[in-house]
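Enquirer: My structure file model.cif, mmCIF, C-alpha atoms, is below:
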```cif
data_run
loop_
_atom_site.label_atom_id
_atom_site.label_comp_id
_atom_site.auth_asym_id
_atom_site.auth_seq_id
_atom_site.Cartn_x
_atom_site.Cartn_y
_atom_site.Cartn_z
CA MET A 955 1.16 -96.00 84.30
CA SER A 956 4.41 -97.06 82.63
CA GLU A 957 7.07 -94.49 81.99
CA MET A 958 7.07 -93.10 78.47
CA ASN A 959 9.92 -94.40 76.39
CA TYR A 960 10.52 -95.35 72.78
CA GLU A 961 8.54 -98.60 72.95
CA ARG A 962 5.63 -97.01 74.77
CA PHE A 963 5.62 -94.09 72.36
CA GLU A 964 5.39 -96.56 69.47
CA ASP A 965 2.61 -98.41 71.26
CA LEU A 966 0.51 -95.30 71.88
CA LYS A 967 1.04 -93.11 68.85
CA ASP A 968 -1.95 -94.49 66.91
CA ALA A 969 -4.30 -93.93 69.84
CA TYR A 970 -2.80 -90.46 70.30
CA VAL A 971 -3.56 -89.26 66.78
CA LEU A 972 -7.09 -90.66 67.07
CA GLY A 973 -7.60 -88.70 70.30
CA ALA A 974 -8.04 -91.96 72.20
CA LEU A 975 -5.57 -91.50 75.04
CA PRO A 976 -6.81 -90.65 78.53
CA GLU A 977 -5.72 -87.19 79.69
CA GLU A 978 -2.80 -88.32 81.82
CA GLU A 979 -1.38 -90.57 79.15
CA ARG A 980 -1.86 -87.87 76.51
CA LEU A 981 0.11 -85.36 78.55
CA SER A 982 2.85 -87.89 79.14
CA PHE A 983 2.95 -88.63 75.40
CA GLU A 984 3.18 -84.91 74.59
CA ASP A 985 5.95 -84.39 77.11
CA TYR A 986 7.93 -87.14 75.42
CA LEU A 987 7.21 -85.60 72.03
CA ALA A 988 8.40 -82.19 73.23
CA ALA A 989 11.63 -83.81 74.40
CA HIS A 990 12.03 -85.65 71.08
CA PRO A 991 11.08 -83.13 68.39
CA GLU A 992 12.63 -85.38 65.74
CA ARG A 993 9.54 -87.56 66.07
CA GLN A 994 7.07 -84.73 65.46
CA ALA A 995 7.01 -85.22 61.69
CA GLU A 996 6.13 -88.88 62.12
CA VAL A 997 3.25 -87.99 64.43
CA ASP A 998 2.09 -85.25 62.06
CA GLU A 999 2.07 -87.72 59.19
CA LEU A 1000 0.09 -90.25 61.17
CA GLY A 1001 -2.20 -87.46 62.36
CA ALA A 1002 -2.93 -86.54 58.76
CA VAL A 1003 -4.09 -90.11 58.12
CA ALA A 1004 -6.33 -90.06 61.21
CA GLY A 1005 -7.55 -86.59 60.24
CA LEU A 1006 -8.98 -88.01 57.02
CA LEU A 1007 -11.79 -89.47 59.11
CA ALA A 1008 -13.02 -85.88 59.52
CA PHE A 1009 -13.90 -85.82 55.84
CA SER A 1010 -16.02 -88.93 55.89
CA PRO A 1011 -19.28 -87.89 57.63
CA GLN A 1012 -22.35 -87.30 55.52
CA GLU A 1013 -22.68 -83.61 54.71
CA GLN A 1014 -24.90 -81.50 56.94
CA GLU A 1015 -25.81 -77.88 56.33
CA PRO A 1016 -25.35 -75.48 59.26
CA SER A 1017 -28.12 -72.94 59.76
CA PRO A 1018 -27.73 -69.33 58.58
CA GLU A 1019 -28.41 -68.28 62.18
CA LEU A 1020 -25.17 -69.97 63.21
CA ARG A 1021 -23.24 -67.79 60.79
CA ASN A 1022 -25.00 -64.71 62.13
CA ARG A 1023 -24.13 -65.66 65.71
CA VAL A 1024 -20.48 -66.31 64.91
CA MET A 1025 -20.11 -63.12 62.88
CA GLU A 1026 -21.76 -61.05 65.58
CA VAL A 1027 -19.05 -62.08 68.03
CA VAL A 1028 -16.28 -61.71 65.46
CA GLU A 1029 -17.32 -58.24 64.38
CA ALA A 1030 -17.67 -57.07 67.97
CA GLU A 1031 -14.16 -58.30 68.76
CA ALA A 1032 -12.64 -57.03 65.52
CA GLU A 1033 -13.35 -53.37 66.22
CA PRO A 1034 -10.87 -52.80 69.04
CA ARG A 1035 -8.17 -54.70 67.15
CA ARG A 1036 -8.82 -52.78 63.97
CA VAL A 1037 -7.65 -49.60 65.62
CA ARG A 1038 -4.15 -51.03 65.79
CA SER A 1039 -4.24 -52.53 62.36
CA ARG A 1040 -3.74 -51.08 58.98
CA SER A 1041 -6.89 -50.72 56.98
CA THR A 1042 -8.21 -53.94 55.58
CA PHE A 1043 -8.30 -52.62 52.12
CA ALA A 1044 -4.67 -51.64 52.20
CA ARG A 1045 -3.75 -55.13 53.39
CA VAL A 1046 -5.73 -56.84 50.68
CA GLY A 1047 -4.16 -54.43 48.28
CA ASP A 1048 -0.75 -55.68 49.35
CA TYR A 1049 -1.75 -59.25 48.66
CA LEU A 1050 -2.95 -58.34 45.22
CA SER A 1051 0.19 -56.28 44.61
CA ILE A 1052 -1.89 -53.20 44.07
CA ARG A 1053 0.43 -50.41 44.98
CA ASN A 1054 -1.39 -47.68 43.19
CA LEU A 1055 -5.06 -47.34 43.96
CA ALA A 1056 -5.53 -45.22 40.88
CA LEU A 1057 -5.59 -48.24 38.60
CA GLY A 1058 -6.83 -47.74 35.12
CA ALA A 1059 -10.43 -48.37 34.26
CA ALA A 1060 -9.51 -51.69 32.73
CA ALA A 1061 -8.17 -53.17 35.97
CA LEU A 1062 -11.22 -52.02 37.94
CA LEU A 1063 -13.46 -53.54 35.35
CA VAL A 1064 -11.58 -56.82 35.62
CA ILE A 1065 -12.16 -56.96 39.38
CA GLY A 1066 -15.80 -56.11 38.86
CA LEU A 1067 -16.15 -58.89 36.36
CA LEU A 1068 -14.45 -61.33 38.67
CA SER A 1069 -16.86 -60.41 41.43
CA TRP A 1070 -19.82 -60.91 39.16
CA ASN A 1071 -18.66 -64.32 38.16
CA VAL A 1072 -17.97 -65.54 41.65
CA MET A 1073 -21.33 -64.21 42.78
CA LEU A 1074 -22.96 -66.23 40.03
CA GLN A 1075 -21.94 -69.43 41.76
CA GLY A 1076 -24.12 -68.83 44.74
CA GLN A 1077 -27.09 -66.96 43.35
CA VAL A 1078 -29.01 -69.27 41.13
CA GLN A 1079 -32.17 -67.20 41.17
CA ASP A 1080 -30.44 -64.27 39.55
CA LEU A 1081 -28.53 -66.44 37.14
CA GLN A 1082 -30.17 -65.39 33.92
CA GLY A 1083 -29.79 -61.70 34.47
CA ARG A 1084 -26.29 -61.99 35.80
CA VAL A 1085 -25.11 -64.12 32.90
CA GLN A 1086 -26.28 -61.45 30.48
CA ASP A 1087 -24.57 -58.83 32.57
CA ALA A 1088 -21.36 -60.85 32.76
CA GLN A 1089 -21.37 -61.39 29.02
CA GLY A 1090 -21.76 -57.67 28.51
CA GLN A 1091 -18.86 -57.05 30.80
CA ILE A 1092 -16.76 -59.66 29.03
CA GLN A 1093 -17.29 -57.76 25.82
CA ASP A 1094 -16.22 -54.62 27.62
CA LEU A 1095 -13.23 -56.47 28.98
CA GLN A 1096 -12.26 -57.69 25.54
CA GLY A 1097 -12.41 -54.08 24.41
CA GLU A 1098 -10.17 -53.09 27.26
CA LEU A 1099 -7.78 -55.90 26.42
CA GLU A 1100 -7.61 -54.72 22.85
CA VAL A 1101 -6.75 -51.28 24.13
CA ALA A 1102 -4.10 -52.78 26.36
CA GLN A 1103 -2.71 -54.78 23.46
CA ALA A 1104 -2.68 -51.65 21.37
CA GLN A 1105 -0.58 -50.13 24.11
CA GLN A 1106 1.94 -52.92 23.49
CA SER A 1107 0.81 -54.92 26.50
CA GLN A 1108 1.54 -58.63 26.19
CA THR A 1109 -0.84 -61.54 26.15
CA ILE A 1110 0.16 -65.17 26.45
CA LYS A 1111 -2.15 -67.97 25.43
CA LEU A 1112 -2.37 -71.02 27.70
CA LYS A 1113 -2.42 -74.53 26.28
CA GLY A 1114 -3.42 -77.84 27.82
CA SER A 1115 -6.28 -80.31 28.05
CA TRP A 1116 -8.91 -77.68 28.70
CA ALA A 1117 -7.68 -75.59 25.77
CA GLU A 1118 -8.07 -78.68 23.60
CA GLN A 1119 -11.67 -78.87 24.78
CA GLY A 1120 -12.34 -75.33 23.63
CA ALA A 1121 -11.37 -73.24 26.64
CA ILE A 1122 -9.64 -69.99 25.80
CA ALA A 1123 -7.29 -68.62 28.42
CA GLU A 1124 -4.81 -65.80 28.18
CA VAL A 1125 -2.49 -64.07 30.55
CA ALA A 1126 -2.49 -60.36 29.89
CA SER A 1127 -0.20 -57.75 31.30
CA MET A 1128 -2.07 -54.57 32.01
CA PRO A 1129 -0.81 -51.09 32.81
CA LYS A 1130 0.99 -50.66 36.15
CA HIS A 1131 2.35 -54.22 35.92
CA GLN A 1132 -1.03 -55.72 36.76
CA ILE A 1133 -1.25 -59.27 35.39
CA ILE A 1134 -4.58 -60.98 34.86
CA LEU A 1135 -5.75 -64.34 33.62
CA VAL A 1136 -8.75 -64.04 31.32
CA ALA A 1137 -10.59 -67.25 30.51
CA ARG A 1138 -13.69 -68.16 28.51
CA ASN A 1139 -15.50 -71.37 27.62
CA MET A 1140 -14.05 -73.06 30.66
CA PRO A 1141 -15.52 -76.36 31.87
CA SER A 1142 -17.29 -76.01 35.20
CA VAL A 1143 -15.81 -77.64 38.31
CA PRO A 1144 -17.70 -79.12 41.29
CA GLU A 1145 -18.62 -76.61 43.98
CA ASP A 1146 -16.08 -78.10 46.37
CA LYS A 1147 -13.31 -77.51 43.83
CA THR A 1148 -11.67 -74.40 42.55
CA CYS A 1149 -9.21 -73.45 39.84
CA GLN A 1150 -5.86 -72.35 41.21
CA ILE A 1151 -3.28 -70.32 39.32
CA TRP A 1152 0.41 -71.11 39.83
CA VAL A 1153 3.41 -69.03 38.88
CA ILE A 1154 6.30 -71.46 38.51
CA LYS A 1155 9.98 -70.59 38.88
CA GLY A 1156 12.28 -73.56 38.45
CA ASP A 1157 10.45 -76.39 40.17
CA VAL A 1158 8.68 -74.15 42.66
CA PRO A 1159 5.03 -73.32 42.05
CA LYS A 1160 3.61 -70.33 43.96
CA SER A 1161 -0.12 -70.02 44.50
CA SER A 1162 -1.19 -66.94 42.59
CA GLY A 1163 -4.96 -66.75 42.70
CA LEU A 1164 -8.18 -68.73 42.75
CA PHE A 1165 -11.18 -68.57 40.47
CA GLN A 1166 -14.37 -70.45 39.82
CA PRO A 1167 -15.00 -71.02 36.11
CA ASP A 1168 -18.63 -70.94 35.06
CA GLY A 1169 -18.41 -71.35 31.33
CA ASN A 1170 -19.07 -67.70 30.57
CA GLY A 1171 -15.89 -65.96 31.44
CA THR A 1172 -13.62 -65.04 34.29
CA ALA A 1173 -10.86 -62.56 34.85
CA THR A 1174 -8.53 -63.09 37.76
CA PRO A 1175 -5.61 -60.96 38.96
CA ILE A 1176 -2.40 -63.00 39.25
CA THR A 1177 -1.04 -62.22 42.66
CA ASN A 1178 2.64 -63.04 42.06
CA SER A 1179 5.07 -61.45 39.66
CA ILE A 1180 5.71 -63.40 36.47
CA THR A 1181 9.00 -61.65 35.87
CA LYS A 1182 11.66 -64.37 35.58
CA ALA A 1183 8.98 -67.05 35.99
CA ASP A 1184 9.26 -70.17 33.84
CA ALA A 1185 5.59 -70.99 33.48
CA ILE A 1186 2.05 -70.22 34.50
CA ALA A 1187 -0.31 -73.11 35.15
CA VAL A 1188 -3.87 -73.70 36.26
CA THR A 1189 -4.87 -76.79 38.23
CA VAL A 1190 -8.14 -77.92 39.76
CA GLU A 1191 -7.82 -77.97 43.54
CA ARG A 1192 -10.03 -78.36 46.58
CA ALA A 1193 -12.14 -75.36 47.62
CA GLY A 1194 -9.92 -72.80 49.27
CA GLY A 1195 -6.88 -73.81 47.28
CA SER A 1196 -3.91 -76.02 48.03
CA LYS A 1197 -0.43 -75.28 49.25
CA LYS A 1198 1.02 -77.19 46.32
CA PRO A 1199 -0.58 -78.44 43.10
CA THR A 1200 -2.24 -81.80 43.65
CA SER A 1201 -3.26 -82.48 40.08
CA ALA A 1202 -1.89 -82.08 36.57
CA PRO A 1203 -2.30 -78.64 35.00
CA VAL A 1204 -5.39 -78.21 32.85
CA LEU A 1205 -3.88 -75.05 31.38
CA LEU A 1206 -0.22 -74.19 30.99
CA ALA A 1207 1.93 -71.55 29.37
CA GLU A 1208 5.69 -71.65 29.31
CA LEU A 1209 7.14 -68.17 29.47
CA MET B 17 -21.65 -58.56 49.12
CA PRO B 18 -19.60 -55.38 49.60
CA GLU B 19 -17.17 -54.63 46.80
CA ARG B 20 -14.24 -54.99 49.16
CA GLY B 21 -15.40 -58.37 50.43
CA ARG B 22 -15.47 -59.81 46.94
CA GLN B 23 -11.71 -59.50 46.68
CA TYR B 24 -11.26 -62.08 49.41
CA LEU B 25 -12.80 -64.77 47.27
CA ILE B 26 -9.69 -65.13 45.15
CA LEU B 27 -7.35 -65.47 48.11
CA ALA B 28 -6.09 -68.89 49.23
CA ASP B 29 -6.87 -70.07 52.74
CA GLU B 30 -3.30 -69.43 53.88
CA ASP B 31 -3.59 -65.79 52.84
CA LEU B 32 -6.96 -65.44 54.53
CA ILE B 33 -5.67 -66.85 57.79
CA SER B 34 -2.94 -64.19 57.82
CA LEU B 35 -5.64 -61.56 57.48
CA VAL B 36 -7.71 -63.19 60.21
CA GLU B 37 -4.67 -63.01 62.45
CA ALA B 38 -4.79 -59.25 61.93
CA ALA B 39 -8.46 -59.17 63.02
CA ASP B 40 -9.95 -58.98 59.56
CA ALA B 41 -13.58 -60.02 59.99
CA GLU B 42 -14.34 -60.25 56.29
CA ALA B 43 -11.43 -62.62 55.70
CA PHE B 44 -12.80 -64.72 58.54
CA ALA B 45 -16.28 -64.69 56.98
CA THR B 46 -14.78 -66.01 53.74
CA LEU B 47 -13.06 -68.84 55.60
CA TYR B 48 -16.28 -69.58 57.46
CA ASP B 49 -18.24 -69.79 54.23
CA ARG B 50 -15.68 -72.16 52.72
CA HIS B 51 -15.36 -74.58 55.62
CA SER B 52 -18.39 -74.31 57.90
CA ARG B 53 -20.24 -77.11 56.15
CA ALA B 54 -17.39 -79.60 56.60
CA ALA B 55 -16.90 -78.45 60.20
CA PHE B 56 -20.58 -78.74 61.00
CA SER B 57 -20.80 -82.17 59.34
CA LEU B 58 -17.98 -83.44 61.56
CA ALA B 59 -19.55 -81.83 64.62
CA TYR B 60 -22.88 -83.43 63.81
CA ARG B 61 -21.24 -86.84 63.41
CA MET B 62 -19.65 -86.44 66.83
CA MET B 63 -22.48 -84.81 68.79
CA GLY B 64 -25.44 -86.43 67.09
CA GLU B 65 -27.88 -83.52 67.29
CA ARG B 66 -28.11 -80.08 65.73
CA GLN B 67 -27.97 -77.71 68.69
CA ALA B 68 -24.89 -79.30 70.26
CA SER B 69 -23.29 -79.48 66.80
CA GLU B 70 -23.93 -75.79 66.16
CA ASP B 71 -22.51 -74.91 69.57
CA LEU B 72 -19.41 -76.96 68.82
CA THR B 73 -19.00 -75.42 65.37
CA GLN B 74 -19.39 -71.92 66.82
CA ASP B 75 -16.88 -72.71 69.55
CA ALA B 76 -14.36 -74.04 67.01
CA PHE B 77 -14.68 -71.10 64.62
CA LEU B 78 -14.27 -68.60 67.43
CA LYS B 79 -11.07 -70.43 68.33
CA VAL B 80 -9.98 -70.03 64.70
CA TRP B 81 -10.79 -66.32 64.95
CA ARG B 82 -8.96 -65.81 68.22
CA GLY B 83 -6.11 -68.20 67.59
CA ALA B 84 -5.25 -67.81 63.92
CA SER B 85 -1.64 -67.14 64.85
CA SER B 86 -1.32 -70.74 66.06
CA TYR B 87 -1.90 -72.09 62.56
CA ARG B 88 1.24 -73.69 61.11
CA ALA B 89 1.17 -74.25 57.37
CA GLU B 90 3.84 -76.95 57.56
CA ARG B 91 1.52 -79.07 59.72
CA GLY B 92 -1.30 -79.21 57.17
CA SER B 93 -3.93 -77.21 55.32
CA VAL B 94 -6.18 -74.61 56.91
CA ARG B 95 -9.15 -76.89 56.34
CA THR B 96 -7.46 -79.77 58.16
CA TRP B 97 -6.52 -77.40 60.99
CA ILE B 98 -10.09 -76.18 61.38
CA LEU B 99 -11.41 -79.74 61.40
CA SER B 100 -8.82 -80.75 63.99
CA ILE B 101 -10.08 -77.95 66.24
CA VAL B 102 -13.63 -79.21 65.83
CA HIS B 103 -12.45 -82.72 66.59
CA ASN B 104 -10.39 -81.86 69.67
CA ARG B 105 -13.06 -79.64 71.18
CA GLY B 106 -15.70 -82.21 70.32
CA ILE B 107 -13.80 -84.89 72.20
CA ASP B 108 -13.41 -82.54 75.18
CA GLN B 109 -17.13 -81.89 75.21
CA ILE B 110 -18.13 -85.51 74.80
CA ARG B 111 -15.86 -86.54 77.65
CA SER B 112 -17.09 -83.77 79.91
CA GLN B 113 -20.70 -84.79 79.49
CA ALA B 114 -22.04 -86.84 82.38
CA SER B 115 -24.28 -88.87 80.15
CA ARG B 116 -22.78 -89.66 76.83
CA ARG B 117 -24.33 -91.43 73.95
CA ARG B 118 -22.81 -94.59 75.24
CA THR B 119 -25.89 -96.71 75.53
CA GLN B 120 -26.68 -96.30 71.87
CA GLU B 121 -23.05 -96.83 70.95
CA LYS B 122 -22.99 -99.98 73.01
CA ILE B 123 -25.93 -101.35 71.10
CA GLU B 124 -24.30 -100.43 67.81
CA ALA B 125 -20.99 -101.89 68.89
CA SER B 126 -22.49 -105.23 69.73
CA ALA B 127 -24.74 -105.47 66.69
CA PRO B 128 -23.42 -106.97 63.46
CA ARG B 129 -22.40 -104.14 61.23
CA SER B 130 -24.00 -103.68 57.85
CA GLN B 131 -21.76 -103.86 54.84
CA PRO B 132 -19.46 -100.83 54.94
CA SER B 133 -20.12 -100.31 51.29
CA GLU B 134 -23.76 -99.62 52.08
CA ALA B 135 -22.78 -96.95 54.53
CA PHE B 136 -20.62 -95.29 51.94
CA ALA B 137 -22.66 -95.92 48.85
CA GLU B 138 -24.15 -92.46 48.63
CA THR B 139 -22.81 -90.54 45.76
CA LEU B 140 -21.26 -87.31 46.91
CA LYS B 141 -19.92 -84.39 45.03
CA ASN B 142 -16.84 -84.03 47.10
CA SER B 143 -14.14 -86.15 45.50
CA GLN B 144 -11.86 -85.96 48.52
CA ARG B 145 -14.70 -87.25 50.66
CA ASP B 146 -15.31 -89.95 48.08
CA GLN B 147 -11.66 -90.94 48.20
CA VAL B 148 -11.63 -91.07 51.98
CA ARG B 149 -14.79 -93.11 52.06
CA GLU B 150 -13.35 -95.45 49.48
CA ALA B 151 -10.27 -95.84 51.66
CA LEU B 152 -12.44 -96.54 54.73
CA ASP B 153 -14.41 -99.01 52.68
CA THR B 154 -11.28 -101.13 52.35
CA LEU B 155 -11.08 -101.59 56.13
CA PRO B 156 -12.44 -104.69 57.81
CA PRO B 157 -15.53 -103.68 59.85
CA GLU B 158 -13.83 -104.44 63.16
CA GLN B 159 -10.98 -102.03 62.40
CA LEU B 160 -13.36 -99.34 61.17
CA LYS B 161 -15.48 -99.68 64.30
CA VAL B 162 -12.49 -99.12 66.57
CA LEU B 163 -11.40 -96.05 64.57
CA GLU B 164 -14.93 -94.62 64.65
CA LEU B 165 -15.42 -95.20 68.36
CA ALA B 166 -12.14 -93.42 69.05
CA TYR B 167 -12.35 -90.59 66.56
CA PHE B 168 -16.03 -89.69 66.52
CA SER B 169 -17.29 -90.88 69.89
CA GLY B 170 -14.35 -89.84 72.01
CA TYR B 171 -13.70 -93.21 73.64
CA THR B 172 -10.23 -93.91 74.94
CA HIS B 173 -8.50 -97.13 73.91
CA VAL B 174 -9.18 -98.56 77.38
CA GLU B 175 -12.88 -97.72 77.14
CA ILE B 176 -13.09 -99.31 73.69
CA SER B 177 -11.44 -102.39 75.10
CA ASP B 178 -14.13 -102.57 77.82
CA LEU B 179 -16.94 -101.77 75.46
CA LEU B 180 -16.04 -104.38 72.87
CA ARG B 181 -14.74 -106.84 75.47
CA LEU B 182 -11.41 -107.09 73.70
CA PRO B 183 -7.86 -107.13 75.06
CA LEU B 184 -6.31 -103.66 75.03
CA GLY B 185 -3.57 -104.95 72.74
CA THR B 186 -6.16 -106.00 70.20
CA VAL B 187 -7.73 -102.54 70.23
CA LYS B 188 -4.33 -100.91 69.70
CA GLY B 189 -3.55 -103.39 66.94
CA ARG B 190 -6.79 -102.59 65.14
CA MET B 191 -6.07 -98.88 65.39
CA ARG B 192 -2.59 -99.39 63.97
CA LEU B 193 -3.73 -101.65 61.15
CA GLY B 194 -6.72 -99.43 60.32
CA LEU B 195 -4.56 -96.32 59.96
CA LYS B 196 -1.94 -98.22 58.00
CA LYS B 197 -4.56 -99.51 55.62
CA ILE B 198 -5.86 -95.99 54.95
CA ARG B 199 -2.33 -94.80 54.26
CA ASP B 200 -1.67 -97.81 52.02
CA TYR B 201 -4.82 -96.98 50.06
CA PHE B 202 -3.39 -93.61 49.03
CA GLU B 203 0.15 -94.88 48.51
CA SER B 204 -1.05 -97.68 46.26
CA ARG B 205 -2.55 -94.98 44.03
CA ASP B 206 0.61 -92.88 44.10
CA ALA B 207 -1.39 -90.20 45.88
CA ALA B 208 -0.28 -88.22 48.89
CA VAL B 209 -2.46 -88.38 51.98
CA PRO B 210 -4.46 -85.12 51.80
CA ARG B 211 -3.36 -82.69 54.53
#
```
Would you put the structure from the file into structure tokens?

Expert:
Amino acid sequence: MSEMNYERFEDLKDAYVLGALPEEERLSFEDYLAAHPERQAEVDELGAVAGLLAFSPQEQEPSPELRNRVMEVVEAEAEPRRVRSRSTFARVGDYLSIRNLALGAAALLVIGLLSWNVMLQGQVQDLQGRVQDAQGQIQDLQGELEVAQAQQSQTIKLKGSWAEQGAIAEVASMPKHQIILVARNMPSVPEDKTCQIWVIKGDVPKSSGLFQPDGNGTATPITNSITKADAIAVTVERAGGSKKPTSAPVLLAEL
Amino acid sequence: MPERGRQYLILADEDLISLVEAADAEAFATLYDRHSRAAFSLAYRMMGERQASEDLTQDAFLKVWRGASSYRAERGSVRTWILSIVHNRGIDQIRSQASRRRTQEKIEASAPRSQPSEAFAETLKNSQRDQVREALDTLPPEQLKVLELAYFSGYTHVEISDLLRLPLGTVKGRMRLGLKKIRDYFESRDAAVPR
């Protein structure tokens, strides 16, 4: 086999990102890459192009038994590690900036409503009953918002293409500095898409929550502080969210 | 779903992977639910039958569970990372099998390929998948075949050269041109290659 050098690296990089190098050649390529880290970005970029092939196969549904098998192993292994970890709830609380567990009834209701609405996505059989329930909770939520407003909390209305289509979205600051995005009449998005909230300071958008609109109503905690932020935006992103916005905002409020 | 578990649904993948790193099983379950279908679809495309595909998917997700700390956000999205694990382990498994699906592949490789557009005509909900398929649709069949044999079937460039009875340089050239064409597809639309 020829010694790895610049020309050979160039010659083999496409086969490398496709996984098409024999073991020995792959190791030689990776040794060269380790010695020339300045070329890593180029390989990563090419690897991203090759990685797109992973998205092309026709969709297949894994069996529920597979999930059970995987989770059985995961839960068995999690236990010993949990002993050394902080409680899960506390950690999630950190992410949601919930420092005080004794949140007011309004904030708890908001989380409950969010849960209902996300659950609705996957449980078609219960749809009718859950929609009625969600609508009831939205009314409750509106009541809570009115209370919050009466307590001089602030709400900010979002504008944008979805607002022009009839969507109503507001950012509301609740007691204890909890910020939520409340939205109604939102267009639905495909199941492989999600709405992502961004808190923008300068030119830097920070991911601040995901939600799945269903046309009835959603309430989503905003997970980053909006103090000193310039804007709040909502974009439609792939399921699971994106690191950066990949589409134009459908809702936007300048602060 | 437990009340606590519902809170994970609003977290982005990058946040979930941090929780998985700290042995949070519910965060892992959320990631699994988001990405298992794409992972299994890729596994099925590579392995060609359900049981082997489920084994590969299980193997890959357990690697995600045990190796979450090796995820690097600057290298790509969590989804791409998970799929790359499926792909790499799939290639390892294919190559370690004594009898691979080579006979069938050989027949397919030698037969005239149907119009790529027919293969990709099915309407799918996933717009990213649609975009990728559209990009692949722009490739000449001979370039697409080389990419597929390498990526999904685990053939090395030398094996593809033997299989298709082509000079090794031609195989490498088709790989290079095929990847370039996919990248050009996105650039011509002012879109970044999804990562």

Enquirer: Using only C-alpha atoms and a cut-off of 6 Å, which residues of chain B sit close to chain A? Please list them as a ChimeraX atom specification.

Expert: /B:22,26,28-29,39,53,57-58,145,149,166-167,171-173,192,211

Enquirer: Calculated over all atoms listed in the file, which of the candidates B:Glu42, B:Leu47, B:Val94, B:Arg105 has the smallest distance to B:Thr73?

Expert: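 Of B:Glu42, B:Leu47, B:Val94, B:Arg105, the one nearest B:Thr73 is B:Arg105, counting all atoms listed in the file.
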
Enquirer: Hey, can you check how far atom CA of A:Ile1134 sits from atom CA of A:Lys1111?

Expert: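 Distance between the two atoms: 12.0 Å.
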
Enquirer: Report, in Å with one decimal, the straight-line distance from atom CA of A:Arg962 to atom CA of A:Ala988.

Expert: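 According to the coordinates, atom CA of A:Arg962 and atom CA of A:Ala988 are separated by 15.2 Å.
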
Enquirer: Give me the box for stretch 147-151 of chain B as lines of an AutoDock Vina configuration file, namely the centre and edge lengths in Å to one decimal of a box along x, y and z that holds every listed atom plus 4 Å on each side.

Expert:
```
center_x = -12.5
center_y = -93.4
center_z = 50.1
size_x = 12.5
size_y = 12.9
size_z = 11.9
```

Enquirer: Using all atoms listed in the file, pick whichever of A:Met1140, A:Leu1135, A:Val1158, A:Ile1110 has the shortest atom-to-atom distance to A:Ile1122.

Expert: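 Among A:Met1140, A:Leu1135, A:Val1158, A:Ile1110, it is A:Met1140 that comes nearest to A:Ile1122.
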
Enquirer: Nearest to A:Leu1206 among A:Ser1115, A:Ser982, A:Asn1022, A:Ser1179, with distances taken over all atoms listed in the file: which residue is it?

Expert: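 Distance minimum relative to A:Leu1206 lands on A:Ser1115.
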
Enquirer: By how many Å are atom CA of A:Asn1178 and atom CA of A:Ile1133 apart?

Expert: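 Atom CA of A:Ile1133 lies at a distance of 8.6 Å from atom CA of A:Asn1178.
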
Enquirer: Enumerate, as a list in words, the residues matched when the PyMOL selection byres ((chain B and resi 86) around 12) is run on the file above.

Expert: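 Written out, the selection comes to Ile33, Ser34, Val36, Glu37, Lys79, Val80, Trp81, Arg82, Gly83, Ala84, Ser85, Tyr87, Arg88, Ala89, Glu90, Arg91, Val94, Trp97, Ile98 and Ile101 of chain B.
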
Enquirer: Hey, can you spit out that residue selection with C-alpha atoms as a compact mmCIF listing (two decimals), in the frame of the given file?

Expert:
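Output below, filename out30.txt:
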```
# COMPACT_ATOMS: atom_id res chain seq x y z
CA ILE B 33 -5.67 -66.85 57.79
CA SER B 34 -2.94 -64.19 57.82
CA VAL B 36 -7.71 -63.19 60.21
CA GLU B 37 -4.67 -63.01 62.45
CA LYS B 79 -11.07 -70.43 68.33
CA VAL B 80 -9.98 -70.03 64.70
CA TRP B 81 -10.79 -66.32 64.95
CA ARG B 82 -8.96 -65.81 68.22
CA GLY B 83 -6.11 -68.20 67.59
CA ALA B 84 -5.25 -67.81 63.92
CA SER B 85 -1.64 -67.14 64.85
CA TYR B 87 -1.90 -72.09 62.56
CA ARG B 88 1.24 -73.69 61.11
CA ALA B 89 1.17 -74.25 57.37
CA GLU B 90 3.84 -76.95 57.56
CA ARG B 91 1.52 -79.07 59.72
CA VAL B 94 -6.18 -74.61 56.91
CA TRP B 97 -6.52 -77.40 60.99
CA ILE B 98 -10.09 -76.18 61.38
CA ILE B 101 -10.08 -77.95 66.24
```

Enquirer: Taking the file as I've supplied it (selection: the PyMOL selection byres ((chain B and resi 159) around 8)), which residues are included? Please answer as an MDAnalysis selection string.

Expert: chainID B and resid 155:158 160:163 190:191 193:194

Enquirer: Take the point (-14.9, -87.0, 71.9) as written in the file and pick out every residue within 7 Å of it, counting only C-alpha atoms; give the list as a PDB file with C-alpha atoms, in the coordinates of the input.

Expert:
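Result went into selection.pdb, see below:
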```
ATOM      1  CA  MET B  62     -19.650 -86.440  66.830  1.00  0.00           C
ATOM      2  CA  GLY B 106     -15.700 -82.210  70.320  1.00  0.00           C
ATOM      3  CA  ILE B 107     -13.800 -84.890  72.200  1.00  0.00           C
ATOM      4  CA  ASP B 108     -13.410 -82.540  75.180  1.00  0.00           C
ATOM      5  CA  GLN B 109     -17.130 -81.890  75.210  1.00  0.00           C
ATOM      6  CA  ILE B 110     -18.130 -85.510  74.800  1.00  0.00           C
ATOM      7  CA  ARG B 111     -15.860 -86.540  77.650  1.00  0.00           C
ATOM      8  CA  TYR B 167     -12.350 -90.590  66.560  1.00  0.00           C
ATOM      9  CA  PHE B 168     -16.030 -89.690  66.520  1.00  0.00           C
ATOM     10  CA  SER B 169     -17.290 -90.880  69.890  1.00  0.00           C
ATOM     11  CA  GLY B 170     -14.350 -89.840  72.010  1.00  0.00           C
ATOM     12  CA  TYR B 171     -13.700 -93.210  73.640  1.00  0.00           C
TER      13      TYR B 171
END
```
